[in-house]
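Okay, structure first, notes after.
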Amino acid sequence: MNILVTGGVGFIGSHLVDRLLLLGHNVTVYDAMIHGFVTSWRDAAVAKYPDRFKMIRGDMGAGERLMEALYDQDLVYHLAANADVRGGTKFPGRDLEQNLLATNRLLEHMRQAKVARIAFASTSAVYGNQTVFPTSEDAPFPVQTSLYGASKVAAEGLISAYCYGFGMWATIYRFAPVLGERYAHGHVWDFYQKLKTDPHHIMVLGNGKQAKSYVYVADVIDALVLEVIQQPRMAPPVLIYNVGTDEVCTVDQSLDWICEEMGVQPERQYTGGEGGWPGDPPRIELHCGRLRNLGWKPTVSIRDAVIRTVRSFE
């Protein structure tokens, strides 16, 4: 297949590109290349797959570059987004522009280029401060608590409308928080950086009891390629899958594992409150039975995912 990956230089995107190339597909990456693992990763991919790998630098507002990237594609994985979840209230326009409006531009260019299939990286944040656990894809949405989650809900709705209106097909993935190699933001990264600076004291956002079903990046990639590429498409125009683990860990448990790996025992202080920042849900626990029915299951525990992530920083 000819496959376009927006945001293909990022944390999850670069892992996805690696897997797609390994599976024998022709891959085009479309990325602004502001963040991510650009030079060494790109050069290695070009050297190994010179005839099947292409990179186009451009943001989601560059119409001509985007149309160039969409030429002759069979499928688009749309991962380009603002990944700064906690910064939503500081920069309220980012989620609107980089998540919702960027998705709208992509869909319209796909329609014009006659590219009918899209796989969209959504988030468990769409469930807000959920009260039903484990949370299934059919759970009612509560009031949205984060601008990031709200923008992803809106993008999902836009994708669905394009599918039903213009004969397109979509698979939407709602990821639990993802860990693994090339991870460069989030609580594990923050704790690691703080402990490298001061191994004796650490400030923890919230009360340390926030519990989430973190998932390892390789398991996420297994899910992305399983449904979209390996499964025959005999379904409604829009399919939605949760991607997470059957376990949860608290922030304090995660910090225990990080400290053990780094060989430190810091004194902990807490900012207090159920969430770490405005819009941070105190619990994320996803029901992933729909994806498991296709044969997918996570292979790495949360503890191992945390440890592998910390080791990758070294």
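Chain lettering (A, B, ...) mirrors the order of the structure tokens, residue numbering begins at 1 for each chain separately, and ligand numbering begins at 1 in order of display.
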
Point to revise | Residue list (strand (DSSP E or B), DSSP) for region 203-294 of chain A, as a PyMOL selection string | key: chain A and resi 203-204+211-212+215-216+238-243+249-250+267-270+283-284+286

Check your understanding: What lies within 12 Å of Asp222 (chain A) using only C-alpha atoms, ignoring chain neighbours under 6 positions off, as a PyMOL selection string?
Key -> chain A and resi 12+15-16+18-20+23+215-216+228-230+243-244+291-292+294-300

**Study point:** CA of His187 (chain A) to CA of Gly149 (chain A), straight-line distance in Å
**Key:**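 Interatomic distance here is 17.9 Å.
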
Nearby residues (only C-alpha atoms) at most 6 Å from Val5 (chain A), same-chain spacing under 4 positions excluded, as a tab-separated table (two decimals) with N, CA and C atoms, in the first residue's frame:
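As written to disk, around26.tsv reads:
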chain	number	residue	atom	x	y	z
A	29	VAL	N	6.04	10.51	4.78
A	29	VAL	CA	5.85	11.23	6.04
A	29	VAL	C	5.62	12.71	5.72
A	76	VAL	N	-4.37	7.22	4.84
A	76	VAL	CA	-3.70	8.25	5.63
A	76	VAL	C	-3.81	7.90	7.11
A	77	TYR	N	-2.68	7.84	7.79
A	77	TYR	CA	-2.65	7.80	9.25
A	77	TYR	C	-2.46	9.25	9.71

Polymer residues at most 8 Å from region 207-209 of chain A, only C-alpha atoms, same-chain spacing of 2 or more positions, as a short mmCIF file (atom, residue, chain, number, x, y, z; two decimals) with C-alpha atoms, in the first residue's frame:
data_model
loop_
_atom_site.label_atom_id
_atom_site.label_comp_id
_atom_site.auth_asym_id
_atom_site.auth_seq_id
_atom_site.Cartn_x
_atom_site.Cartn_y
_atom_site.Cartn_z
CA VAL A 204 4.29 15.77 42.36
CA LEU A 205 1.35 17.41 40.63
CA ALA A 211 -4.68 6.23 38.16
CA THR A 250 -1.14 5.53 40.17
CA VAL A 251 1.30 8.38 39.78
CA ASP A 252 2.90 7.34 43.07
CA TYR A 270 2.33 17.23 46.46
CA THR A 271 0.52 20.20 44.96
CA GLY A 272 -2.80 18.62 46.00
CA GLY A 273 -6.10 18.01 44.26
CA GLU A 274 -7.40 15.03 42.30
CA GLY A 275 -5.83 16.14 39.00
CA GLY A 276 -2.35 17.34 38.15
CA PRO A 282 -8.06 11.52 37.96
#

What's around region 98-100 of chain A at 12 Å? Count only C-alpha atoms, leave out sequence neighbours fewer than 6 positions away in its own chain, and write the answer as a PDB file with C-alpha atoms, in the first residue's frame.
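The new file selection-v4.pdb reads:
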ATOM      1  CA  THR A   6       1.029  12.965   9.142  1.00  0.00           C
ATOM      2  CA  GLY A   7       3.130  13.699  12.205  1.00  0.00           C
ATOM      3  CA  ALA A  32       6.529  20.235  10.069  1.00  0.00           C
ATOM      4  CA  ASP A  59       2.502  22.028   8.220  1.00  0.00           C
ATOM      5  CA  MET A  60      -1.171  21.152   7.959  1.00  0.00           C
ATOM      6  CA  GLY A  61      -1.982  24.593   6.576  1.00  0.00           C
ATOM      7  CA  HIS A  78      -3.379  11.190  10.825  1.00  0.00           C
ATOM      8  CA  LEU A  79      -1.169  11.627  13.888  1.00  0.00           C
ATOM      9  CA  ALA A  80      -0.181  15.286  13.505  1.00  0.00           C
ATOM     10  CA  ALA A  81      -1.520  17.214  16.505  1.00  0.00           C
ATOM     11  CA  ASN A  82      -0.659  19.437  19.425  1.00  0.00           C
ATOM     12  CA  ALA A  83       0.704  17.027  22.012  1.00  0.00           C
ATOM     13  CA  ASP A  84       0.969  19.528  24.880  1.00  0.00           C
ATOM     14  CA  VAL A  85      -2.156  18.371  26.724  1.00  0.00           C
ATOM     15  CA  GLY A  88      -4.316  23.978  26.823  1.00  0.00           C
ATOM     16  CA  PHE A  91      -2.421  28.521  24.817  1.00  0.00           C
ATOM     17  CA  PRO A  92      -6.128  27.970  24.101  1.00  0.00           C
ATOM     18  CA  LEU A 106      -6.677  17.264   5.748  1.00  0.00           C
ATOM     19  CA  LEU A 107     -10.151  15.830   5.182  1.00  0.00           C
ATOM     20  CA  PHE A 120      -7.095   8.886  13.250  1.00  0.00           C
ATOM     21  CA  ALA A 121      -5.128   9.112  16.504  1.00  0.00           C
ATOM     22  CA  SER A 122      -7.653  10.248  19.090  1.00  0.00           C
ATOM     23  CA  THR A 123      -7.366  10.017  22.859  1.00  0.00           C
ATOM     24  CA  LEU A 147      -9.309  21.808  25.472  1.00  0.00           C
ATOM     25  CA  TYR A 148      -7.225  18.960  24.077  1.00  0.00           C
ATOM     26  CA  GLY A 149      -9.985  16.418  24.695  1.00  0.00           C
ATOM     27  CA  ALA A 150     -12.641  18.779  23.341  1.00  0.00           C
ATOM     28  CA  SER A 151     -10.674  19.347  20.128  1.00  0.00           C
ATOM     29  CA  LYS A 152     -10.303  15.593  19.600  1.00  0.00           C
ATOM     30  CA  VAL A 153     -14.041  15.035  20.164  1.00  0.00           C
ATOM     31  CA  ALA A 154     -14.768  17.697  17.560  1.00  0.00           C
ATOM     32  CA  ALA A 155     -12.240  16.183  15.134  1.00  0.00           C
ATOM     33  CA  GLU A 156     -13.853  12.750  15.540  1.00  0.00           C
ATOM     34  CA  GLY A 157     -17.222  14.286  14.700  1.00  0.00           C
ATOM     35  CA  LEU A 158     -15.817  16.013  11.636  1.00  0.00           C
ATOM     36  CA  ILE A 159     -14.225  12.790  10.394  1.00  0.00           C
TER      37      ILE A 159
END

Point to revise | Contacts of Phe166 (chain A) at 10 Å (only C-alpha atoms; same-chain gap of 6+ positions) as a PyMOL selection string | key: chain A and resi 111+114+116+160

Exercise for review: Find the spatial neighbours of Arg308 (chain A), counting only C-alpha atoms, within a cut-off of 7 Å - ignore same-chain residues fewer than 4 positions away - and output them as a list of chain:residue names.
Suggested key: A:Gly180, A:Asp304, A:Ser312

Just write the chosen residues, N, CA and C atoms, as an mmCIF file, in the first residue's frame.
data_model
loop_
_atom_site.group_PDB
_atom_site.id
_atom_site.type_symbol
_atom_site.label_atom_id
_atom_site.label_comp_id
_atom_site.auth_asym_id
_atom_site.auth_seq_id
_atom_site.Cartn_x
_atom_site.Cartn_y
_atom_site.Cartn_z
ATOM 1 N N GLY A 180 7.130 4.710 26.133
ATOM 2 C CA GLY A 180 8.075 3.932 25.349
ATOM 3 C C GLY A 180 9.240 4.766 24.845
ATOM 4 N N ASP A 304 6.752 -2.447 33.241
ATOM 5 C CA ASP A 304 7.828 -2.621 32.273
ATOM 6 C C ASP A 304 7.881 -1.459 31.287
ATOM 7 N N SER A 312 15.384 4.309 28.177
ATOM 8 C CA SER A 312 15.609 4.943 26.879
ATOM 9 C C SER A 312 16.175 6.353 27.035
#

Check your understanding: Which parts of region 98-206 of chain A does DSSP call alpha helix (DSSP H) when run on the backbone here, written out as a ChimeraX atom specification?
Key -> /A:102-113,147-166,187-197
